[in-house]
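Peer 1: Contents of model.pdb (PDB, C-alpha atoms) are given next:
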```pdb
ATOM      1  CA  MET A1189       0.000   0.000   0.000
ATOM      2  CA  THR A1190       1.392   3.386  -0.957
ATOM      3  CA  SER A1191       0.718   6.492   1.037
ATOM      4  CA  ALA A1192      -0.851   9.581  -0.430
ATOM      5  CA  PRO A1193       1.626  12.210  -1.628
ATOM      6  CA  ALA A1194       2.507  14.975   0.801
ATOM      7  CA  TRP A1195       1.227  18.490   0.220
ATOM      8  CA  PHE A1196       3.836  21.182  -0.140
ATOM      9  CA  PRO A1197       4.297  23.297   1.815
ATOM     10  CA  PRO A1198       2.543  21.885   4.865
ATOM     11  CA  TYR A1199       3.186  25.163   6.723
ATOM     12  CA  PRO A1200       4.631  28.593   5.834
ATOM     13  CA  ILE A1201       8.350  28.593   5.145
ATOM     14  CA  ARG A1202       9.676  32.109   5.451
ATOM     15  CA  GLY A1203      12.933  33.737   4.446
ATOM     16  CA  VAL A1204      14.412  31.177   2.062
ATOM     17  CA  ARG A1205      17.529  33.008   0.877
ATOM     18  CA  VAL A1206      19.619  31.931  -2.087
ATOM     19  CA  LEU A1207      22.757  33.522  -3.475
ATOM     20  CA  HIS A1208      23.822  32.066  -6.810
ATOM     21  CA  GLN A1209      27.183  33.354  -7.910
ATOM     22  CA  ARG A1210      29.568  31.879 -10.436
ATOM     23  CA  GLN A1211      32.750  33.551 -11.576
ATOM     24  CA  ASN A1212      34.057  32.493 -14.987
ATOM     25  CA  CYS A1213      33.858  33.574 -18.606
ATOM     26  CA  ALA A1214      30.046  33.450 -18.356
ATOM     27  CA  PRO A1215      29.384  34.832 -14.848
ATOM     28  CA  HIS A1216      26.140  34.356 -12.927
ATOM     29  CA  PHE A1217      24.812  36.528 -10.118
ATOM     30  CA  ALA A1218      21.395  36.485  -8.504
ATOM     31  CA  GLU A1219      20.232  36.738  -4.920
ATOM     32  CA  ILE A1220      16.669  36.253  -3.732
ATOM     33  CA  THR A1221      14.652  35.768  -0.574
ATOM     34  CA  VAL A1222      11.273  34.078  -0.928
ATOM     35  CA  ASP A1223       8.456  32.838   1.276
ATOM     36  CA  PHE A1224       6.504  29.660   0.567
ATOM     37  CA  GLU A1225       2.926  29.586   1.828
ATOM     38  CA  PRO A1226       0.287  26.851   1.620
ATOM     39  CA  ALA A1227      -2.377  27.487  -1.009
ATOM     40  CA  VAL A1228      -5.714  25.855  -1.749
ATOM     41  CA  GLU A1229      -4.442  24.530  -5.067
ATOM     42  CA  GLY A1230      -1.932  25.143  -7.829
ATOM     43  CA  PHE A1231       1.058  27.443  -7.981
ATOM     44  CA  ALA A1232       1.000  31.215  -7.573
ATOM     45  CA  PHE A1233       3.916  33.638  -7.616
ATOM     46  CA  ALA A1234       3.870  37.226  -6.421
ATOM     47  CA  VAL A1235       6.375  40.006  -5.972
ATOM     48  CA  ALA A1236       6.100  41.716  -2.591
ATOM     49  CA  GLU A1237       4.527  45.132  -2.748
ATOM     50  CA  GLY A1238       7.158  47.845  -2.670
ATOM     51  CA  LEU A1239      10.062  45.561  -3.640
ATOM     52  CA  THR A1240      12.833  47.686  -5.116
ATOM     53  CA  VAL A1241      15.999  46.456  -6.771
ATOM     54  CA  GLU A1242      18.851  48.754  -7.723
ATOM     55  CA  TYR A1243      19.603  47.545 -11.226
ATOM     56  CA  GLU A1244      19.819  49.100 -14.657
ATOM     57  CA  PRO A1245      18.111  48.609 -16.991
ATOM     58  CA  ALA A1246      15.126  48.266 -14.674
ATOM     59  CA  GLY A1247      13.102  46.858 -17.578
ATOM     60  CA  ASP A1248      14.999  43.558 -17.182
ATOM     61  CA  LEU A1249      13.673  42.973 -13.657
ATOM     62  CA  PRO A1250      10.242  41.568 -14.627
ATOM     63  CA  ARG A1251      11.995  38.959 -16.797
ATOM     64  CA  PHE A1252      14.295  38.101 -13.890
ATOM     65  CA  PHE A1253      11.310  37.702 -11.554
ATOM     66  CA  ASP A1254       9.506  35.520 -14.118
ATOM     67  CA  ALA A1255      12.637  33.372 -14.307
ATOM     68  CA  VAL A1256      12.581  32.908 -10.500
ATOM     69  CA  ALA A1257       8.955  31.733 -10.745
ATOM     70  CA  ALA A1258       9.806  29.371 -13.610
ATOM     71  CA  GLY A1259      12.691  27.816 -11.669
ATOM     72  CA  ILE A1260      10.554  27.260  -8.574
ATOM     73  CA  LYS A1261       7.647  25.835 -10.552
ATOM     74  CA  GLU A1262       9.951  23.535 -12.531
ATOM     75  CA  GLN A1263      11.549  22.153  -9.356
ATOM     76  CA  LEU A1264       8.184  21.594  -7.660
ATOM     77  CA  SER A1265       6.851  19.812 -10.752
ATOM     78  CA  LEU A1266       9.498  17.075 -10.729
ATOM     79  CA  PRO A1267       7.728  13.723 -10.203
ATOM     80  CA  ASP A1268      10.353  12.156  -7.929
ATOM     81  CA  HIS A1269       9.544  14.515  -5.041
ATOM     82  CA  GLY A1270       6.248  12.800  -4.292
ATOM     83  CA  VAL A1271       4.620  16.101  -3.337
ATOM     84  CA  VAL A1272       1.573  17.925  -4.560
ATOM     85  CA  ALA A1273       2.494  21.582  -4.803
ATOM     86  CA  ALA A1274      -0.248  23.886  -3.615
ATOM     87  CA  THR A1275       1.975  26.867  -3.105
ATOM     88  CA  LYS A1276       1.974  30.626  -3.071
ATOM     89  CA  VAL A1277       5.498  31.990  -3.384
ATOM     90  CA  VAL A1278       6.252  35.601  -2.522
ATOM     91  CA  LEU A1279       9.500  37.207  -3.672
ATOM     92  CA  ARG A1280      10.532  39.412  -0.729
ATOM     93  CA  GLN A1281      14.012  40.547  -1.760
ATOM     94  CA  ALA A1282      16.163  40.428  -4.867
ATOM     95  CA  ARG A1283      19.591  41.646  -5.792
ATOM     96  CA  ALA A1284      21.130  41.883  -9.238
ATOM     97  CA  GLU A1285      24.462  43.128 -10.521
ATOM     98  CA  ALA A1286      25.421  44.590 -13.870
ATOM     99  CA  LEU A1287      27.879  41.781 -14.525
ATOM    100  CA  GLY A1288      26.370  38.316 -14.324
ATOM    101  CA  SER A1289      22.692  38.954 -13.682
ATOM    102  CA  HIS A1290      20.469  37.434 -16.333
ATOM    103  CA  GLU A1291      17.409  35.210 -16.621
ATOM    104  CA  LEU A1292      19.289  31.928 -16.274
ATOM    105  CA  ALA A1293      20.961  33.052 -13.048
ATOM    106  CA  PHE A1294      17.566  33.959 -11.578
ATOM    107  CA  LYS A1295      15.964  30.727 -12.792
ATOM    108  CA  ILE A1296      18.685  28.783 -10.993
ATOM    109  CA  THR A1297      18.054  30.740  -7.765
ATOM    110  CA  GLY A1298      14.371  29.854  -7.993
ATOM    111  CA  TYR A1299      15.208  26.208  -8.539
ATOM    112  CA  LEU A1300      17.595  26.227  -5.556
ATOM    113  CA  ALA A1301      15.087  28.017  -3.310
ATOM    114  CA  ALA A1302      12.466  25.353  -4.012
ATOM    115  CA  ARG A1303      14.994  22.598  -3.294
ATOM    116  CA  MET A1304      15.897  24.237   0.024
ATOM    117  CA  ALA A1305      12.236  24.496   1.012
ATOM    118  CA  LEU A1306      11.595  20.856   0.040
ATOM    119  CA  GLU A1307      14.612  19.733   2.061
ATOM    120  CA  HIS A1308      13.407  21.811   5.013
ATOM    121  CA  THR A1309      10.042  20.050   5.071
ATOM    122  CA  ALA A1310      11.630  16.614   4.535
ATOM    123  CA  ALA A1311      13.979  17.192   7.489
ATOM    124  CA  ARG A1312      11.052  18.114   9.747
ATOM    125  CA  ARG A1313       9.221  14.883   8.830
ATOM    126  CA  ILE A1314      12.100  12.710  10.048
TER     127      ILE A1314
END
```
Could you rewrite the structure in this file as structure tokens?
Peer 2:
Amino acid sequence: MTSAPAWFPPYPIRGVRVLHQRQNCAPHFAEITVDFEPAVEGFAFAVAEGLTVEYEPAGDLPRFFDAVAAGIKEQLSLPDHGVVAATKVVLRQARAEALGSHELAFKITGYLAARMALEHTAARRI
């Protein structure tokens, strides 16, 4: 008999901070802090009201934030986790730099943030 999949997150997980930085010929830089909150169903992503990021051109920021959401959603959709994601994710802080900040760097931070949150809940179940 198999047990029903766990719901993620079972409780609010606040302040998941990820710094993704790689120095080489194709540098990466992205830093985020996100909260994971239980939702009724599905996946929702929001940017905290009043979030400001010092970065130029500012027009790139919405694409960076979308990349964070895509990375989180992709990680939570992997079948081997055995979880049903009913999650609202709120981006609380973000930092970008002129050299190395791009969509891929932010997608990776989203992916890593979701992994950290999943590991946090798995550790509490043990």
Peer 1: Please list as a PDB file with C-alpha atoms, in the frame of the given file every residue within 8 Å of A:Phe1294, counting only C-alpha atoms and excluding residues in the same chain fewer than 4 positions away.
Peer 2:
```pdb
ATOM      1  CA  PHE A1217      24.812  36.528 -10.118  1.00  0.00           C
ATOM      2  CA  ALA A1218      21.395  36.485  -8.504  1.00  0.00           C
ATOM      3  CA  GLU A1219      20.232  36.738  -4.920  1.00  0.00           C
ATOM      4  CA  PHE A1252      14.295  38.101 -13.890  1.00  0.00           C
ATOM      5  CA  PHE A1253      11.310  37.702 -11.554  1.00  0.00           C
ATOM      6  CA  ALA A1255      12.637  33.372 -14.307  1.00  0.00           C
ATOM      7  CA  VAL A1256      12.581  32.908 -10.500  1.00  0.00           C
ATOM      8  CA  GLY A1259      12.691  27.816 -11.669  1.00  0.00           C
ATOM      9  CA  SER A1289      22.692  38.954 -13.682  1.00  0.00           C
ATOM     10  CA  HIS A1290      20.469  37.434 -16.333  1.00  0.00           C
ATOM     11  CA  GLY A1298      14.371  29.854  -7.993  1.00  0.00           C
TER      12      GLY A1298
END
```
Peer 1: Excluding A:Asp1223 and its own-chain neighbours fewer than 2 positions away, which residues fall within 12 Å of it when counting only C-alpha atoms? Please give them as number ranges by chain.
Peer 2: A: 1197, 1199-1206, 1220-1221, 1225-1226, 1232-1236, 1260, 1275-1281, 1298, 1301-1302, 1304-1305
Peer 1: Residues at most 12 Å from A:Leu1306, counting all atoms listed in the file, excluding those fewer than 6 positions away in the same chain, as a list of chain:residue names?
Peer 2: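 What passes the distance filter is A:Ala1194, A:Trp1195, A:Phe1196, A:Pro1197, A:Pro1198, A:Tyr1199, A:Pro1200, A:Ile1201, A:Val1204, A:Phe1224, A:Ile1260, A:Gln1263, A:Leu1264, A:Ser1265, A:Leu1266, A:Asp1268, A:His1269, A:Gly1270, A:Val1271, A:Val1272, A:Ala1273, A:Thr1275, A:Tyr1299, A:Leu1300, A:Arg1312, A:Arg1313.
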Peer 1: Show me, as AutoDock Vina command-line options, the centre and edge lengths in Å to one decimal of the axis-aligned box that covers every listed atom of stretch 1293-1311 of chain A with 5 Å on each side.
Peer 2:
```
--center_x 15.5 --center_y 25.3 --center_z -2.8 --size_x 20.9 --size_y 27.3 --size_z 30.5
```
Peer 1: What do you get, as a ChimeraX atom specification, if you spell out every residue that the PyMOL selection byres ((chain A and resi 1248) around 12) selects here?
Peer 2: /A:1241-1247,1249-1255,1284-1286,1289-1291,1294
Peer 1: Go ahead and compute the interatomic distance for atom CA of A:Gly1288 and atom CA of A:Val1222, in Å to one decimal.
Peer 2: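 Atom-to-atom, atom CA of A:Gly1288 and atom CA of A:Val1222 are spaced 20.6 Å apart.
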Peer 1: May I ask for the distance between atom CA of A:Ala1274 and atom CA of A:Val1228, given in Å to one decimal place?
Peer 2: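 Straight-line distance from atom CA of A:Ala1274 to atom CA of A:Val1228 works out to 6.1 Å.
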Peer 1: State, in Å with one decimal place, the distance from atom CA of A:Ile1296 to atom CA of A:Asn1212.
Peer 2: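 Between atom CA of A:Ile1296 and atom CA of A:Asn1212 the gap works out to 16.3 Å.
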Peer 1: Since fewer atoms than expected are present, regenerate N, CA, C and O atoms for stretch 1195-1221 of chain A and write them as a PDB file, in the coordinates of the input.
Peer 2:
```pdb
ATOM      1  N   TRP A1195       1.512  17.168   0.775  1.00  0.00           N
ATOM      2  CA  TRP A1195       1.227  18.490   0.220  1.00  0.00           C
ATOM      3  C   TRP A1195       2.372  19.405   0.573  1.00  0.00           C
ATOM      4  O   TRP A1195       2.927  19.349   1.668  1.00  0.00           O
ATOM      5  N   PHE A1196       2.741  20.250  -0.365  1.00  0.00           N
ATOM      6  CA  PHE A1196       3.836  21.182  -0.140  1.00  0.00           C
ATOM      7  C   PHE A1196       3.376  22.600  -0.378  1.00  0.00           C
ATOM      8  O   PHE A1196       2.751  22.864  -1.401  1.00  0.00           O
ATOM      9  N   PRO A1197       3.698  23.503   0.504  1.00  0.00           N
ATOM     10  CA  PRO A1197       4.297  23.297   1.815  1.00  0.00           C
ATOM     11  C   PRO A1197       3.220  22.988   2.849  1.00  0.00           C
ATOM     12  O   PRO A1197       2.098  23.505   2.742  1.00  0.00           O
ATOM     13  N   PRO A1198       3.541  22.192   3.844  1.00  0.00           N
ATOM     14  CA  PRO A1198       2.543  21.885   4.865  1.00  0.00           C
ATOM     15  C   PRO A1198       2.328  23.035   5.848  1.00  0.00           C
ATOM     16  O   PRO A1198       1.363  23.048   6.586  1.00  0.00           O
ATOM     17  N   TYR A1199       3.228  23.995   5.840  1.00  0.00           N
ATOM     18  CA  TYR A1199       3.186  25.163   6.723  1.00  0.00           C
ATOM     19  C   TYR A1199       3.996  26.272   6.037  1.00  0.00           C
ATOM     20  O   TYR A1199       4.781  25.991   5.128  1.00  0.00           O
ATOM     21  N   PRO A1200       3.844  27.527   6.459  1.00  0.00           N
ATOM     22  CA  PRO A1200       4.631  28.593   5.834  1.00  0.00           C
ATOM     23  C   PRO A1200       6.131  28.404   6.076  1.00  0.00           C
ATOM     24  O   PRO A1200       6.548  28.022   7.168  1.00  0.00           O
ATOM     25  N   ILE A1201       6.896  28.638   5.049  1.00  0.00           N
ATOM     26  CA  ILE A1201       8.350  28.593   5.145  1.00  0.00           C
ATOM     27  C   ILE A1201       8.831  29.980   4.735  1.00  0.00           C
ATOM     28  O   ILE A1201       8.700  30.369   3.583  1.00  0.00           O
ATOM     29  N   ARG A1202       9.340  30.705   5.685  1.00  0.00           N
ATOM     30  CA  ARG A1202       9.676  32.109   5.451  1.00  0.00           C
ATOM     31  C   ARG A1202      11.190  32.320   5.329  1.00  0.00           C
ATOM     32  O   ARG A1202      11.977  31.639   5.971  1.00  0.00           O
ATOM     33  N   GLY A1203      11.551  33.287   4.513  1.00  0.00           N
ATOM     34  CA  GLY A1203      12.933  33.737   4.446  1.00  0.00           C
ATOM     35  C   GLY A1203      13.910  32.761   3.816  1.00  0.00           C
ATOM     36  O   GLY A1203      15.050  32.670   4.256  1.00  0.00           O
ATOM     37  N   VAL A1204      13.488  32.061   2.767  1.00  0.00           N
ATOM     38  CA  VAL A1204      14.412  31.177   2.062  1.00  0.00           C
ATOM     39  C   VAL A1204      15.302  32.061   1.195  1.00  0.00           C
ATOM     40  O   VAL A1204      14.837  32.682   0.243  1.00  0.00           O
ATOM     41  N   ARG A1205      16.582  32.114   1.555  1.00  0.00           N
ATOM     42  CA  ARG A1205      17.529  33.008   0.877  1.00  0.00           C
ATOM     43  C   ARG A1205      18.505  32.189   0.054  1.00  0.00           C
ATOM     44  O   ARG A1205      19.073  31.218   0.542  1.00  0.00           O
ATOM     45  N   VAL A1206      18.687  32.604  -1.192  1.00  0.00           N
ATOM     46  CA  VAL A1206      19.619  31.931  -2.087  1.00  0.00           C
ATOM     47  C   VAL A1206      20.493  32.974  -2.773  1.00  0.00           C
ATOM     48  O   VAL A1206      19.985  33.945  -3.332  1.00  0.00           O
ATOM     49  N   LEU A1207      21.792  32.734  -2.726  1.00  0.00           N
ATOM     50  CA  LEU A1207      22.757  33.522  -3.475  1.00  0.00           C
ATOM     51  C   LEU A1207      23.396  32.575  -4.478  1.00  0.00           C
ATOM     52  O   LEU A1207      23.997  31.578  -4.092  1.00  0.00           O
ATOM     53  N   HIS A1208      23.208  32.865  -5.747  1.00  0.00           N
ATOM     54  CA  HIS A1208      23.822  32.066  -6.810  1.00  0.00           C
ATOM     55  C   HIS A1208      24.842  32.959  -7.492  1.00  0.00           C
ATOM     56  O   HIS A1208      24.495  33.974  -8.092  1.00  0.00           O
ATOM     57  N   GLN A1209      26.104  32.542  -7.369  1.00  0.00           N
ATOM     58  CA  GLN A1209      27.183  33.354  -7.910  1.00  0.00           C
ATOM     59  C   GLN A1209      28.214  32.418  -8.513  1.00  0.00           C
ATOM     60  O   GLN A1209      28.664  31.469  -7.859  1.00  0.00           O
ATOM     61  N   ARG A1210      28.551  32.676  -9.752  1.00  0.00           N
ATOM     62  CA  ARG A1210      29.568  31.879 -10.436  1.00  0.00           C
ATOM     63  C   ARG A1210      30.479  32.837 -11.183  1.00  0.00           C
ATOM     64  O   ARG A1210      30.010  33.681 -11.940  1.00  0.00           O
ATOM     65  N   GLN A1211      31.755  32.692 -10.932  1.00  0.00           N
ATOM     66  CA  GLN A1211      32.750  33.551 -11.576  1.00  0.00           C
ATOM     67  C   GLN A1211      33.482  32.741 -12.646  1.00  0.00           C
ATOM     68  O   GLN A1211      34.173  31.797 -12.320  1.00  0.00           O
ATOM     69  N   ASN A1212      33.298  33.076 -13.878  1.00  0.00           N
ATOM     70  CA  ASN A1212      34.057  32.493 -14.987  1.00  0.00           C
ATOM     71  C   ASN A1212      33.795  33.334 -16.225  1.00  0.00           C
ATOM     72  O   ASN A1212      33.322  34.456 -16.117  1.00  0.00           O
ATOM     73  N   CYS A1213      34.037  32.774 -17.392  1.00  0.00           N
ATOM     74  CA  CYS A1213      33.858  33.574 -18.606  1.00  0.00           C
ATOM     75  C   CYS A1213      32.381  33.891 -18.883  1.00  0.00           C
ATOM     76  O   CYS A1213      32.083  34.783 -19.668  1.00  0.00           O
ATOM     77  N   ALA A1214      31.480  33.164 -18.256  1.00  0.00           N
ATOM     78  CA  ALA A1214      30.046  33.450 -18.356  1.00  0.00           C
ATOM     79  C   ALA A1214      29.498  33.568 -16.929  1.00  0.00           C
ATOM     80  O   ALA A1214      28.892  32.637 -16.397  1.00  0.00           O
ATOM     81  N   PRO A1215      29.735  34.715 -16.266  1.00  0.00           N
ATOM     82  CA  PRO A1215      29.384  34.832 -14.848  1.00  0.00           C
ATOM     83  C   PRO A1215      27.872  34.808 -14.599  1.00  0.00           C
ATOM     84  O   PRO A1215      27.079  35.146 -15.477  1.00  0.00           O
ATOM     85  N   HIS A1216      27.523  34.351 -13.402  1.00  0.00           N
ATOM     86  CA  HIS A1216      26.140  34.356 -12.927  1.00  0.00           C
ATOM     87  C   HIS A1216      26.101  35.119 -11.612  1.00  0.00           C
ATOM     88  O   HIS A1216      26.979  34.953 -10.772  1.00  0.00           O
ATOM     89  N   PHE A1217      25.056  35.915 -11.425  1.00  0.00           N
ATOM     90  CA  PHE A1217      24.812  36.528 -10.118  1.00  0.00           C
ATOM     91  C   PHE A1217      23.321  36.765  -9.958  1.00  0.00           C
ATOM     92  O   PHE A1217      22.688  37.432 -10.784  1.00  0.00           O
ATOM     93  N   ALA A1218      22.786  36.225  -8.888  1.00  0.00           N
ATOM     94  CA  ALA A1218      21.395  36.485  -8.504  1.00  0.00           C
ATOM     95  C   ALA A1218      21.258  36.159  -7.028  1.00  0.00           C
ATOM     96  O   ALA A1218      21.816  35.173  -6.551  1.00  0.00           O
ATOM     97  N   GLU A1219      20.513  36.986  -6.332  1.00  0.00           N
ATOM     98  CA  GLU A1219      20.232  36.738  -4.920  1.00  0.00           C
ATOM     99  C   GLU A1219      18.755  37.022  -4.683  1.00  0.00           C
ATOM    100  O   GLU A1219      18.246  38.062  -5.109  1.00  0.00           O
ATOM    101  N   ILE A1220      18.096  36.092  -4.019  1.00  0.00           N
ATOM    102  CA  ILE A1220      16.669  36.253  -3.732  1.00  0.00           C
ATOM    103  C   ILE A1220      16.350  35.783  -2.316  1.00  0.00           C
ATOM    104  O   ILE A1220      17.091  34.977  -1.743  1.00  0.00           O
ATOM    105  N   THR A1221      15.259  36.283  -1.793  1.00  0.00           N
ATOM    106  CA  THR A1221      14.652  35.768  -0.574  1.00  0.00           C
ATOM    107  C   THR A1221      13.173  35.590  -0.883  1.00  0.00           C
ATOM    108  O   THR A1221      12.523  36.530  -1.374  1.00  0.00           O
TER     109      THR A1221
END
```
